[in-house]
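A.B. asks: Got a file for you: coords_34.csv, CSV, C-alpha atoms and all ligand atoms.
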chain,number,residue,atom,x,y,z
A,232,MET,CA,-20.1,-0.4,10.8
A,233,ALA,CA,-16.9,-0.7,12.8
A,234,MET,CA,-18.6,-2.5,15.7
A,235,GLU,CA,-20.7,-5.6,15.7
A,236,LEU,CA,-23.8,-5.3,17.9
A,237,ASN,CA,-27.0,-7.1,18.6
A,238,LYS,CA,-29.1,-4.2,17.4
A,239,GLU,CA,-32.5,-3.9,19.1
A,240,ILE,CA,-33.5,-0.3,18.6
A,241,THR,CA,-32.5,3.0,16.9
A,242,CYS,CA,-33.1,6.4,18.5
A,243,PHE,CA,-32.5,9.9,17.4
A,244,ALA,CA,-31.8,13.2,19.2
A,245,PRO,CA,-31.7,16.6,17.4
A,246,GLY,CA,-29.4,19.5,17.9
A,247,ARG,CA,-30.9,22.9,18.6
A,248,VAL,CA,-30.7,26.5,17.6
A,249,ASN,CA,-31.7,29.2,20.0
A,250,LEU,CA,-33.7,32.0,18.3
A,251,ILE,CA,-33.4,34.4,21.3
A,252,GLY,CA,-32.8,34.4,25.0
A,253,GLU,CA,-29.0,33.8,25.3
A,254,HIS,CA,-27.2,33.3,28.6
A,255,THR,CA,-30.5,33.7,30.5
A,256,ASP,CA,-31.1,30.1,31.3
A,257,TYR,CA,-28.8,30.0,34.3
A,258,ASN,CA,-30.1,33.4,35.4
A,259,GLY,CA,-33.7,32.1,35.9
A,260,GLY,CA,-34.9,33.7,32.6
A,261,HIS,CA,-36.6,32.7,29.4
A,262,VAL,CA,-35.1,31.1,26.3
A,263,PHE,CA,-36.7,30.4,22.9
A,264,PRO,CA,-34.9,27.6,21.1
A,265,CYS,CA,-36.1,25.0,18.6
A,266,ALA,CA,-34.9,21.5,17.9
A,267,ILE,CA,-33.5,21.2,14.3
A,268,ASP,CA,-33.5,18.5,11.7
A,269,MET,CA,-29.9,17.7,12.2
A,270,GLY,CA,-28.8,15.4,15.0
A,271,ILE,CA,-27.4,12.1,16.2
A,272,THR,CA,-28.6,8.6,15.9
A,273,CYS,CA,-27.9,5.6,18.2
A,274,ASP,CA,-28.2,1.9,17.3
A,275,ALA,CA,-28.2,0.0,20.5
A,276,GLY,CA,-28.7,-3.5,22.0
A,277,ARG,CA,-28.5,-5.0,25.4
A,278,ARG,CA,-25.7,-7.4,26.4
A,279,THR,CA,-25.7,-10.4,28.6
A,280,ASP,CA,-22.6,-9.2,30.6
A,281,ARG,CA,-21.9,-5.9,32.4
A,282,ARG,CA,-19.8,-4.3,29.8
A,283,LEU,CA,-20.6,-1.0,28.0
A,284,ARG,CA,-19.2,-0.8,24.4
A,285,LEU,CA,-19.5,2.5,22.7
A,286,TYR,CA,-18.5,3.6,19.2
A,287,SER,CA,-18.9,6.8,17.3
A,288,ALA,CA,-18.7,7.1,13.5
A,289,ASP,CA,-17.7,10.8,14.1
A,290,PHE,CA,-14.6,9.7,16.0
A,291,PRO,CA,-13.4,6.5,14.3
A,292,GLN,CA,-9.9,7.1,15.4
A,293,ASP,CA,-11.0,6.5,19.0
A,294,GLY,CA,-12.2,3.0,18.2
A,295,VAL,CA,-14.6,1.1,20.4
A,296,ARG,CA,-14.6,2.5,24.0
A,297,GLU,CA,-15.2,-0.1,26.7
A,298,TYR,CA,-16.3,0.5,30.2
A,299,ASP,CA,-17.4,-1.5,33.2
A,300,LEU,CA,-21.0,-0.8,34.0
A,301,ASP,CA,-20.5,-1.0,37.7
A,302,ALA,CA,-17.4,1.3,37.8
A,303,PRO,CA,-17.1,3.3,34.6
A,304,ILE,CA,-14.0,5.4,34.6
A,305,MET,CA,-13.8,8.6,32.5
A,306,GLN,CA,-11.5,8.2,29.5
A,307,GLY,CA,-11.1,11.8,28.4
A,308,CYS,CA,-12.8,11.4,25.0
A,309,TRP,CA,-16.3,11.7,23.4
A,310,SER,CA,-17.6,8.6,25.1
A,311,ASP,CA,-17.4,10.4,28.5
A,312,TYR,CA,-20.7,12.2,27.5
A,313,PRO,CA,-22.8,9.0,27.3
A,314,ILE,CA,-20.9,7.6,30.3
A,315,SER,CA,-21.7,10.7,32.3
A,316,VAL,CA,-25.4,10.1,31.6
A,317,ILE,CA,-25.1,6.5,32.7
A,318,LYS,CA,-23.5,7.6,35.9
A,319,THR,CA,-26.2,10.2,36.4
A,320,LEU,CA,-29.0,7.6,35.8
A,321,ALA,CA,-27.4,5.4,38.5
A,322,ALA,CA,-27.2,8.4,40.9
A,323,PHE,CA,-30.9,9.1,40.3
A,324,GLY,CA,-31.7,5.4,41.1
A,325,TYR,CA,-32.1,4.1,37.5
A,326,GLU,CA,-29.7,1.2,37.4
A,327,LEU,CA,-29.3,-0.7,34.1
A,328,GLU,CA,-30.0,-4.5,34.3
A,329,THR,CA,-27.1,-5.4,32.0
A,330,GLY,CA,-24.4,-3.7,29.9
A,331,ALA,CA,-25.2,-2.4,26.4
A,332,ASP,CA,-23.6,-1.8,23.0
A,333,MET,CA,-24.2,1.7,21.5
A,334,VAL,CA,-23.2,2.9,18.1
A,335,PHE,CA,-23.5,6.7,17.4
A,336,SER,CA,-23.5,8.6,14.1
A,337,GLY,CA,-24.9,11.9,13.0
A,338,ASN,CA,-24.7,15.0,11.0
A,339,LEU,CA,-24.4,17.5,13.7
A,340,PRO,CA,-21.0,19.4,13.7
A,341,THR,CA,-19.3,19.2,17.1
A,342,GLY,CA,-18.2,22.4,18.9
A,343,ALA,CA,-20.3,24.5,16.5
A,344,GLY,CA,-22.8,25.8,19.0
A,345,LEU,CA,-25.6,23.5,17.8
A,346,SER,CA,-25.6,21.5,21.0
A,347,SER,CA,-23.9,18.2,20.0
A,348,SER,CA,-23.1,17.6,23.6
A,349,ALA,CA,-26.7,18.0,24.7
A,350,ALA,CA,-27.9,15.9,21.8
A,351,ILE,CA,-25.6,13.0,22.8
A,352,GLU,CA,-26.6,13.3,26.4
A,353,VAL,CA,-30.3,13.3,25.6
A,354,LEU,CA,-29.9,10.5,23.1
A,355,THR,CA,-28.1,8.3,25.6
A,356,GLY,CA,-31.0,8.9,28.1
A,357,VAL,CA,-33.7,8.2,25.6
A,358,THR,CA,-31.9,5.1,24.1
A,359,LEU,CA,-31.4,3.5,27.5
A,360,ARG,CA,-34.9,4.4,28.6
A,361,GLU,CA,-36.3,2.6,25.5
A,362,LEU,CA,-33.9,-0.3,25.8
A,363,PHE,CA,-34.4,-1.1,29.5
A,364,GLY,CA,-37.9,0.3,30.0
A,365,LEU,CA,-36.8,3.1,32.4
A,366,PRO,CA,-39.7,5.3,33.7
A,367,LEU,CA,-38.3,8.6,32.4
A,368,THR,CA,-40.3,11.4,31.0
A,369,ASP,CA,-38.8,13.5,28.2
A,370,GLN,CA,-38.4,16.4,30.6
A,371,LEU,CA,-36.6,14.3,33.2
A,372,THR,CA,-34.3,13.0,30.5
A,373,ALA,CA,-33.3,16.6,29.8
A,374,VAL,CA,-32.7,17.3,33.4
A,375,ILE,CA,-30.5,14.1,33.7
A,376,GLY,CA,-28.5,15.3,30.6
A,377,GLN,CA,-27.9,18.7,32.2
A,378,PHE,CA,-26.9,17.1,35.5
A,379,ALA,CA,-24.5,14.9,33.7
A,380,GLU,CA,-22.9,17.8,32.0
A,381,ASN,CA,-22.7,19.9,35.2
A,382,ARG,CA,-21.4,17.2,37.5
A,383,PHE,CA,-19.3,14.9,35.3
A,384,ILE,CA,-18.2,17.0,32.3
A,385,GLY,CA,-17.7,20.2,34.4
A,386,VAL,CA,-19.6,22.7,32.3
A,387,ASN,CA,-22.2,24.6,34.5
A,388,CYS,CA,-24.6,24.9,31.6
A,389,GLY,CA,-28.3,25.7,32.0
A,390,ILE,CA,-31.2,23.5,30.9
A,391,MET,CA,-31.9,25.0,27.5
A,392,ASP,CA,-30.0,22.7,25.1
A,393,GLN,CA,-31.1,19.4,26.7
A,394,PHE,CA,-34.7,20.7,27.0
A,395,ALA,CA,-34.8,21.7,23.3
A,396,SER,CA,-33.3,18.4,22.2
A,397,ALA,CA,-35.7,16.3,24.3
A,398,MET,CA,-38.9,18.4,23.9
A,399,GLY,CA,-38.7,19.8,20.4
A,400,ARG,CA,-41.9,20.0,18.3
A,401,GLU,CA,-42.2,20.2,14.5
A,402,ASP,CA,-42.5,23.7,13.1
A,403,CYS,CA,-42.4,25.2,16.6
A,404,ALA,CA,-39.9,26.9,18.9
A,405,ILE,CA,-40.2,26.5,22.7
A,406,LEU,CA,-40.6,29.4,25.1
A,407,LEU,CA,-39.1,27.9,28.3
A,408,ASP,CA,-39.1,29.6,31.7
A,409,SER,CA,-35.9,28.2,33.0
A,410,TYR,CA,-36.8,29.0,36.6
A,411,THR,CA,-40.1,27.1,36.7
A,412,LEU,CA,-39.5,24.8,33.7
A,413,SER,CA,-42.9,25.8,32.4
A,414,TYR,CA,-43.0,26.0,28.7
A,415,GLU,CA,-45.2,26.6,25.7
A,416,TYR,CA,-44.8,25.9,22.0
A,417,ALA,CA,-45.0,28.8,19.5
A,418,PRO,CA,-45.5,28.1,15.8
A,419,LEU,CA,-42.9,29.5,13.4
A,420,LYS,CA,-44.7,30.5,10.3
A,421,GLY,CA,-43.6,32.5,7.2
A,422,ALA,CA,-39.9,32.6,7.9
A,423,ASP,CA,-36.9,30.4,7.1
A,424,ILE,CA,-34.2,29.6,9.7
A,425,VAL,CA,-30.7,29.6,8.3
A,426,ILE,CA,-27.7,28.8,10.4
A,427,VAL,CA,-24.2,30.0,9.4
A,428,ASP,CA,-21.3,28.1,10.9
A,429,SER,CA,-18.2,30.4,11.3
A,430,GLY,CA,-16.0,27.3,11.6
A,431,VAL,CA,-14.5,28.9,14.8
A,432,LYS,CA,-14.5,26.1,17.4
A,433,HIS,CA,-15.6,27.2,20.8
A,434,SER,CA,-14.7,25.5,24.0
A,435,LEU,CA,-17.4,26.2,26.5
A,436,ALA,CA,-15.6,24.4,29.3
A,437,SER,CA,-12.6,26.6,28.7
A,438,SER,CA,-13.5,28.7,31.7
A,439,GLU,CA,-15.3,31.7,30.0
A,440,TYR,CA,-18.7,30.2,30.3
A,441,ASN,CA,-18.3,29.3,33.9
A,442,LEU,CA,-16.8,32.7,34.5
A,443,ARG,CA,-19.9,34.5,33.1
A,444,ARG,CA,-22.0,32.4,35.4
A,445,GLN,CA,-20.0,33.5,38.4
A,446,GLU,CA,-20.1,37.1,37.4
A,447,CYS,CA,-23.9,36.9,37.1
A,448,GLU,CA,-24.2,35.2,40.5
A,449,SER,CA,-22.0,37.9,42.0
A,450,ALA,CA,-24.2,40.6,40.5
A,451,ALA,CA,-27.4,38.9,41.7
A,452,GLY,CA,-25.8,38.8,45.2
A,453,GLN,CA,-25.1,42.5,45.2
A,454,LEU,CA,-28.6,43.3,44.0
A,455,GLY,CA,-30.0,41.1,46.7
A,456,VAL,CA,-31.9,38.8,44.4
A,457,LYS,CA,-31.8,35.0,43.8
A,458,SER,CA,-31.5,35.3,40.1
A,459,LEU,CA,-31.0,38.3,37.8
A,460,CYS,CA,-34.0,37.6,35.5
A,461,SER,CA,-36.4,37.9,38.5
A,462,LEU,CA,-35.9,41.7,37.9
A,463,THR,CA,-37.7,43.7,35.2
A,464,PRO,CA,-35.5,46.3,33.4
A,465,ASP,CA,-37.1,49.1,35.5
A,466,GLU,CA,-36.4,47.3,38.8
A,467,PHE,CA,-32.8,46.7,37.6
A,468,GLU,CA,-32.3,50.4,36.7
A,469,ARG,CA,-33.5,51.4,40.1
A,470,ARG,CA,-31.0,49.1,41.9
A,471,ARG,CA,-28.1,48.9,39.5
A,472,HIS,CA,-26.0,51.3,41.6
A,473,LEU,CA,-25.7,48.5,44.1
A,474,ILE,CA,-23.3,46.7,41.8
A,475,THR,CA,-19.9,48.0,42.4
A,476,ASN,CA,-18.0,46.1,39.7
A,477,GLU,CA,-18.3,47.4,36.1
A,478,THR,CA,-18.0,44.0,34.5
A,479,CYS,CA,-20.7,42.4,36.7
A,480,LEU,CA,-22.9,45.4,35.9
A,481,LYS,CA,-22.6,44.8,32.2
A,482,ARG,CA,-23.3,41.0,32.5
A,483,ALA,CA,-26.3,41.7,34.7
A,484,ARG,CA,-27.7,44.3,32.2
A,485,HIS,CA,-27.4,41.8,29.4
A,486,ALA,CA,-29.3,39.1,31.4
A,487,VAL,CA,-32.1,41.4,32.5
A,488,TYR,CA,-32.7,43.0,29.2
A,489,GLU,CA,-32.3,39.8,27.2
A,490,ASN,CA,-35.0,38.1,29.3
A,491,GLN,CA,-37.3,41.0,28.5
A,492,ARG,CA,-36.4,40.9,24.8
A,493,THR,CA,-37.2,37.2,24.7
A,494,ILE,CA,-40.7,37.7,26.1
A,495,SER,CA,-41.3,40.7,23.8
A,496,ALA,CA,-40.0,38.7,20.8
A,497,VAL,CA,-42.4,35.8,21.4
A,498,ASN,CA,-45.3,38.2,21.8
A,499,ALA,CA,-44.3,39.8,18.5
A,500,LEU,CA,-44.2,36.4,16.8
A,501,LYS,CA,-47.7,35.5,18.1
A,502,ARG,CA,-48.9,38.7,16.4
A,503,ASN,CA,-47.0,37.6,13.3
A,504,GLU,CA,-44.8,40.7,13.5
A,505,LEU,CA,-41.6,39.1,12.2
A,506,LYS,CA,-39.9,42.4,11.6
A,507,ALA,CA,-40.2,43.2,15.3
A,508,PHE,CA,-39.0,39.7,16.2
A,509,GLY,CA,-35.9,40.2,14.0
A,510,GLU,CA,-35.1,43.6,15.4
A,511,LEU,CA,-35.0,42.0,18.9
A,512,MET,CA,-32.7,39.3,17.5
A,513,ASN,CA,-30.3,42.1,16.3
A,514,GLU,CA,-30.4,43.8,19.7
A,515,SER,CA,-29.7,40.5,21.4
A,516,HIS,CA,-26.5,40.2,19.3
A,517,PHE,CA,-25.3,43.7,20.2
A,518,SER,CA,-25.9,43.0,23.8
A,519,LEU,CA,-24.0,39.7,23.6
A,520,ARG,CA,-21.2,41.5,21.8
A,521,ASP,CA,-20.9,44.6,24.0
A,522,ASP,CA,-22.2,43.8,27.4
A,523,TYR,CA,-21.8,40.0,27.7
A,524,GLU,CA,-18.6,39.9,25.5
A,525,VAL,CA,-19.1,36.4,24.2
A,526,SER,CA,-19.1,37.2,20.5
A,527,CYS,CA,-16.1,37.3,18.2
A,528,ALA,CA,-15.0,39.1,15.0
A,529,GLU,CA,-16.2,36.2,12.8
A,530,LEU,CA,-19.7,36.1,14.3
A,531,ASP,CA,-20.0,39.9,14.1
A,532,VAL,CA,-19.0,40.0,10.4
A,533,LEU,CA,-21.6,37.2,9.6
A,534,ALA,CA,-24.4,38.9,11.5
A,535,ASP,CA,-23.6,42.3,10.1
A,536,ALA,CA,-23.5,41.1,6.5
A,537,ALA,CA,-26.8,39.3,7.0
A,538,ARG,CA,-28.6,42.4,8.3
A,539,HIS,CA,-27.8,44.2,5.0
A,540,VAL,CA,-29.7,41.7,2.9
A,541,ASP,CA,-33.3,42.5,1.9
A,542,GLY,CA,-35.8,40.1,3.4
A,543,VAL,CA,-33.6,39.2,6.4
A,544,TYR,CA,-35.6,39.9,9.6
A,545,GLY,CA,-32.7,39.4,12.1
A,546,SER,CA,-29.4,37.9,12.7
A,547,ARG,CA,-27.5,37.0,15.8
A,548,MET,CA,-24.9,34.7,17.3
A,549,THR,CA,-26.5,31.6,18.9
A,550,GLY,CA,-25.4,29.4,21.8
A,551,GLY,CA,-22.6,30.0,24.2
A,552,GLY,CA,-20.5,32.1,21.9
A,553,PHE,CA,-16.8,32.6,21.2
A,554,GLY,CA,-17.3,31.0,17.8
A,555,GLY,CA,-19.9,28.6,16.5
A,556,CYS,CA,-22.9,29.8,14.5
A,557,THR,CA,-25.2,32.7,13.7
A,558,VAL,CA,-29.0,32.2,13.4
A,559,ASN,CA,-30.8,34.1,10.8
A,560,LEU,CA,-34.5,34.6,10.2
A,561,MET,CA,-35.7,35.6,6.7
A,562,VAL,CA,-38.3,35.4,4.0
A,563,PRO,CA,-37.8,32.3,2.0
A,564,ASP,CA,-36.9,34.3,-1.1
A,565,ALA,CA,-34.0,35.9,0.7
A,566,VAL,CA,-32.1,32.6,1.3
A,567,GLN,CA,-30.2,32.8,-2.0
A,568,PRO,CA,-29.1,36.4,-1.9
A,569,PHE,CA,-28.3,35.9,1.8
A,570,THR,CA,-26.1,33.0,1.1
A,571,GLU,CA,-24.2,34.9,-1.5
A,572,ALA,CA,-23.8,38.0,0.6
A,573,VAL,CA,-22.5,36.4,3.8
A,574,THR,CA,-20.2,34.0,1.9
A,575,LYS,CA,-18.7,37.0,0.1
A,576,ALA,CA,-18.3,39.1,3.2
A,577,TYR,CA,-16.7,36.3,5.2
A,578,LYS,CA,-14.3,35.3,2.4
A,579,LYS,CA,-13.2,38.9,2.0
A,580,ARG,CA,-12.4,39.4,5.6
A,581,PHE,CA,-11.3,35.9,6.7
A,582,GLY,CA,-10.2,34.2,3.5
A,583,LYS,CA,-12.6,31.2,4.0
A,584,GLU,CA,-16.2,30.2,3.4
A,585,PRO,CA,-18.7,29.7,6.2
A,586,VAL,CA,-20.9,26.6,6.1
A,587,ILE,CA,-24.6,27.3,5.7
A,588,TYR,CA,-27.5,25.2,6.8
A,589,ARG,CA,-31.2,25.8,6.0
A,590,VAL,CA,-32.9,24.0,8.9
A,591,LYS,CA,-36.5,23.2,10.0
A,592,ALA,CA,-37.8,23.3,13.5
A,593,SER,CA,-38.3,19.6,14.4
A,594,ARG,CA,-39.5,17.1,16.9
A,595,GLY,CA,-37.4,16.1,19.9
A,596,ALA,CA,-35.6,12.9,20.7
A,597,GLY,CA,-37.2,9.5,20.5
A,598,LYS,CA,-37.2,6.0,19.1
A,599,ILE,CA,-37.1,5.8,15.3
A,600,LYS,CA,-39.7,3.4,14.0
A,601,MET,CA,-38.2,0.7,11.8
B,701,LIG,C1,-24.8,26.9,26.1
B,701,LIG,C2,-25.4,26.3,27.4
B,701,LIG,C3,-26.9,26.7,27.5
B,701,LIG,C4,-27.0,28.2,27.5
B,701,LIG,C5,-26.3,28.8,26.3
B,701,LIG,C6,-26.2,30.3,26.3
B,701,LIG,O1,-25.4,26.5,25.0
B,701,LIG,O2,-25.4,24.9,27.3
B,701,LIG,O3,-27.4,26.2,28.7
B,701,LIG,O4,-26.6,28.8,28.7
B,701,LIG,O5,-24.9,28.3,26.2
B,701,LIG,O6,-27.5,30.8,26.1
Since I need it in another form, could you write the structure as structure tokens?
Ligand code: GLA
C.D. replies:
Amino acid sequence: MAMELNKEITCFAPGRVNLIGEHTDYNGGHVFPCAIDMGITCDAGRRTDRRLRLYSADFPQDGVREYDLDAPIMQGCWSDYPISVIKTLAAFGYELETGADMVFSGNLPTGAGLSSSAAIEVLTGVTLRELFGLPLTDQLTAVIGQFAENRFIGVNCGIMDQFASAMGREDCAILLDSYTLSYEYAPLKGADIVIVDSGVKHSLASSEYNLRRQECESAAGQLGVKSLCSLTPDEFERRRHLITNETCLKRARHAVYENQRTISAVNALKRNELKAFGELMNESHFSLRDDYEVSCAELDVLADAARHVDGVYGSRMTGGGFGGCTVNLMVPDAVQPFTEAVTKAYKKRFGKEPVIYRVKASRGAGKIKM
């Protein structure tokens, strides 16, 4: 370890993969993500002074980052994520008694659409909660992570990623109503989740994400509703003429129908109709590609190759888009032929191999028992 610390505890926060319900969480709609068995770990200890010392094994070149607990100044590197959570905790009235040392390490690729940002935010909240006995529920820890990202990192993300990382449950995905924050767990049985990383790095902050959000808000304004997903597809069809801008109309159509697809998909899952679930995943991808315009050639090739493999229920891009990963649902026996088929198709078109992860829906963030 490149930093000495008085280690008192170790915590873990998982990444997430979203099965369906994309770009609905800031439109008051439903999402259906699960926490995965890949994530970030933090070894931490309290200090006697008011310094914060942070180190990440994923960014050794950045060395130990030091901050003053009473006036932390952003430094333009990875440690701004935990610092943004510490600033948010203070803004919410949760002051830390002393400084702390925190050492991060993990197996979650960054910028791949598996929510490494949300994982480190939730991990920071959970670690400090455990270290200083802060009275935070898991749900509030997720809200604090989202607030930190919105206010201090400058990405106007929804609540999905932080919620999944904080609230995950083994072998289940979470149906979350992002408007009310009510949620239920739905067991995932009889299918394997396989993630394929295109290797194309996305940059959410690079305006497109925030732009989509603005376009949706503009569409909602023209429709006279607070949020797009408060409309059923029928209601939307009756009012869509009110939207004058073609781009805003397409964004709105995606959000309204994606919300409906998410509810239908979870109902299909409850009836154990995995084929129907997979078809809705495929439709989600087409809508993200054509109406929301957040896919890219690499993700389209991966999803298309997947759909041609026997035993694959569905395939789609997952997360914000513009690169990152696809999520694929399949019968366990299909994993091998699937791996071969998508690797071959990707290599043929782009001259490189994608990275493939077979994951399990897992528990959310918490202290690791020693
Ligand atoms: C990112 C955001 C989420 C969500 C997805 C798109 O992952 O952090 O809040 O909006 O994009 O579904």
A.B. asks: Nearest residue to ligand LIG 701 (chain B) out of A:Arg296, A:Lys578, A:Lys600, A:Arg247, using only C-alpha atoms and all ligand atoms?
C.D. replies: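 Nearest to ligand LIG 701 (chain B): A:Arg247.
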A.B. asks: Using all atoms listed in the file, find each residue of chain A with at least one atom at most 9 Å away from an atom of ligand LIG 701 (chain B); report its shortest atom-to-atom pair and that distance in Å (one decimal), sort the rows by chain and rising residue number, and return the result as a Markdown table.
C.D. replies:
| residue | atom | partner | partner_atom | distance |
| --- | --- | --- | --- | --- |
| A:Asn249 | CA | B:LIG701 | O6 | 7.6 |
| A:Ile251 | CA | B:LIG701 | O6 | 8.4 |
| A:Gly252 | CA | B:LIG701 | O6 | 6.5 |
| A:Glu253 | CA | B:LIG701 | O6 | 3.4 |
| A:His254 | CA | B:LIG701 | O6 | 3.5 |
| A:Thr255 | CA | B:LIG701 | O6 | 6.1 |
| A:Asp256 | CA | B:LIG701 | O4 | 5.4 |
| A:Tyr257 | CA | B:LIG701 | O4 | 6.1 |
| A:Asn258 | CA | B:LIG701 | O4 | 8.8 |
| A:Val262 | CA | B:LIG701 | O6 | 7.6 |
| A:Gly344 | CA | B:LIG701 | O1 | 6.6 |
| A:Leu345 | CA | B:LIG701 | O1 | 7.8 |
| A:Ser346 | CA | B:LIG701 | O1 | 6.4 |
| A:Ser348 | CA | B:LIG701 | O2 | 8.5 |
| A:Ala349 | CA | B:LIG701 | O2 | 7.5 |
| A:Gln377 | CA | B:LIG701 | O2 | 8.3 |
| A:Glu380 | CA | B:LIG701 | O2 | 8.9 |
| A:Val386 | CA | B:LIG701 | O2 | 8.0 |
| A:Asn387 | CA | B:LIG701 | O2 | 7.9 |
| A:Cys388 | CA | B:LIG701 | O3 | 4.2 |
| A:Gly389 | CA | B:LIG701 | O3 | 3.5 |
| A:Ile390 | CA | B:LIG701 | O3 | 5.2 |
| A:Met391 | CA | B:LIG701 | O3 | 4.8 |
| A:Asp392 | CA | B:LIG701 | O2 | 5.6 |
| A:Gln393 | CA | B:LIG701 | O2 | 7.9 |
| A:Leu435 | CA | B:LIG701 | C1 | 7.4 |
| A:Tyr440 | CA | B:LIG701 | O5 | 7.7 |
| A:Arg444 | CA | B:LIG701 | O4 | 8.9 |
| A:Thr549 | CA | B:LIG701 | O6 | 7.3 |
| A:Gly550 | CA | B:LIG701 | O1 | 4.3 |
| A:Gly551 | CA | B:LIG701 | O5 | 3.5 |
| A:Gly552 | CA | B:LIG701 | O5 | 7.2 |
A.B. asks: To one decimal place in Å, what is the distance between CA of Leu473 in chain A and CA of Ser449 in chain A?
C.D. replies: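 Going from CA of Leu473 in chain A over to CA of Ser449 in chain A covers 11.4 Å.
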A.B. asks: I'd like the contact shell of range 290-294 of chain A - 10 Å cut-off, all atoms listed in the file, skipping same-chain residues fewer than 6 positions apart - returned as JSON, numbers by chain.
C.D. replies: {"A": [233, 234, 308, 309, 310, 335, 336]}
A.B. asks: Can you work out the spacing between CA of Leu354 in chain A and CA of Ala244 in chain A in Å, to one decimal?
C.D. replies: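 Answer for the CA of Leu354 in chain A to CA of Ala244 in chain A separation: 5.1 Å.
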A.B. asks: List as an MDAnalysis selection string: which residues have an atom within 10 Å of (-25.6, 2.2, 37.0), counting all atoms listed in the file?
C.D. replies: chainID A and resid 299:303 314 316:330
A.B. asks: Between CA of Ala350 in chain A and CA of Ile426 in chain A, what is the distance, to one decimal in Å?
C.D. replies: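 Interatomic distance, CA of Ala350 in chain A to CA of Ile426 in chain A: 17.2 Å.
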A.B. asks: Just the residues within 12 Å of Gly595 in chain A, please, counting all atoms listed in the file, with nothing from its chain fewer than 3 positions along; format it as a VMD selection string.
C.D. replies: chain A and resid 242 to 247 264 to 271 349 to 350 353 to 354 357 369 to 370 372 to 373 392 to 405 592 598 to 599
A.B. asks: So, with all atoms listed in the file as the atoms that count, which of A:Tyr577, A:Phe383, A:Tyr523, A:Phe363 lies closest to Asp311 in chain A?
C.D. replies: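 Counting all atoms listed in the file, the residue closest to Asp311 in chain A is A:Phe383.
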A.B. asks: With only C-alpha atoms as the atoms that count, which of A:Thr279, A:Asn513, A:Asn503, A:Asn498 lies nearest to Ala537 in chain A?
C.D. replies: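 Going through A:Thr279, A:Asn513, A:Asn503, A:Asn498 one by one, the smallest distance to Ala537 in chain A is for A:Asn513.
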A.B. asks: In terms of the shortest atom-to-atom distance over only C-alpha atoms, which of A:Glu510, A:Asp531, A:Glu297, A:Glu489 is closest to Leu462 in chain A?
C.D. replies: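 Ranking A:Glu510, A:Asp531, A:Glu297, A:Glu489 by distance to Leu462 in chain A, first place goes to A:Glu489.
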A.B. asks: Using only C-alpha atoms, which protein or nucleic acid residues come within 9 Å of Ser429 in chain A? Drop anything in the same chain fewer than 6 positions from it, and give the result as a ChimeraX atom specification.
C.D. replies: /A:343,529-530,533,554-557,577,584-586
A.B. asks: Would you mind telling me which residue in A:Leu519, A:Ala331, A:Val573, A:Met305 lies nearest to Met548 in chain A when using all atoms listed in the file?
C.D. replies: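 Going through A:Leu519, A:Ala331, A:Val573, A:Met305 one by one, the smallest distance to Met548 in chain A is for A:Leu519.
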A.B. asks: With all atoms listed in the file as the atoms that count, which of A:His485, A:Lys501, A:Lys420, A:Arg520 lies nearest to Met561 in chain A?
C.D. replies: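 Smallest separation from Met561 in chain A among the options: A:Lys420.
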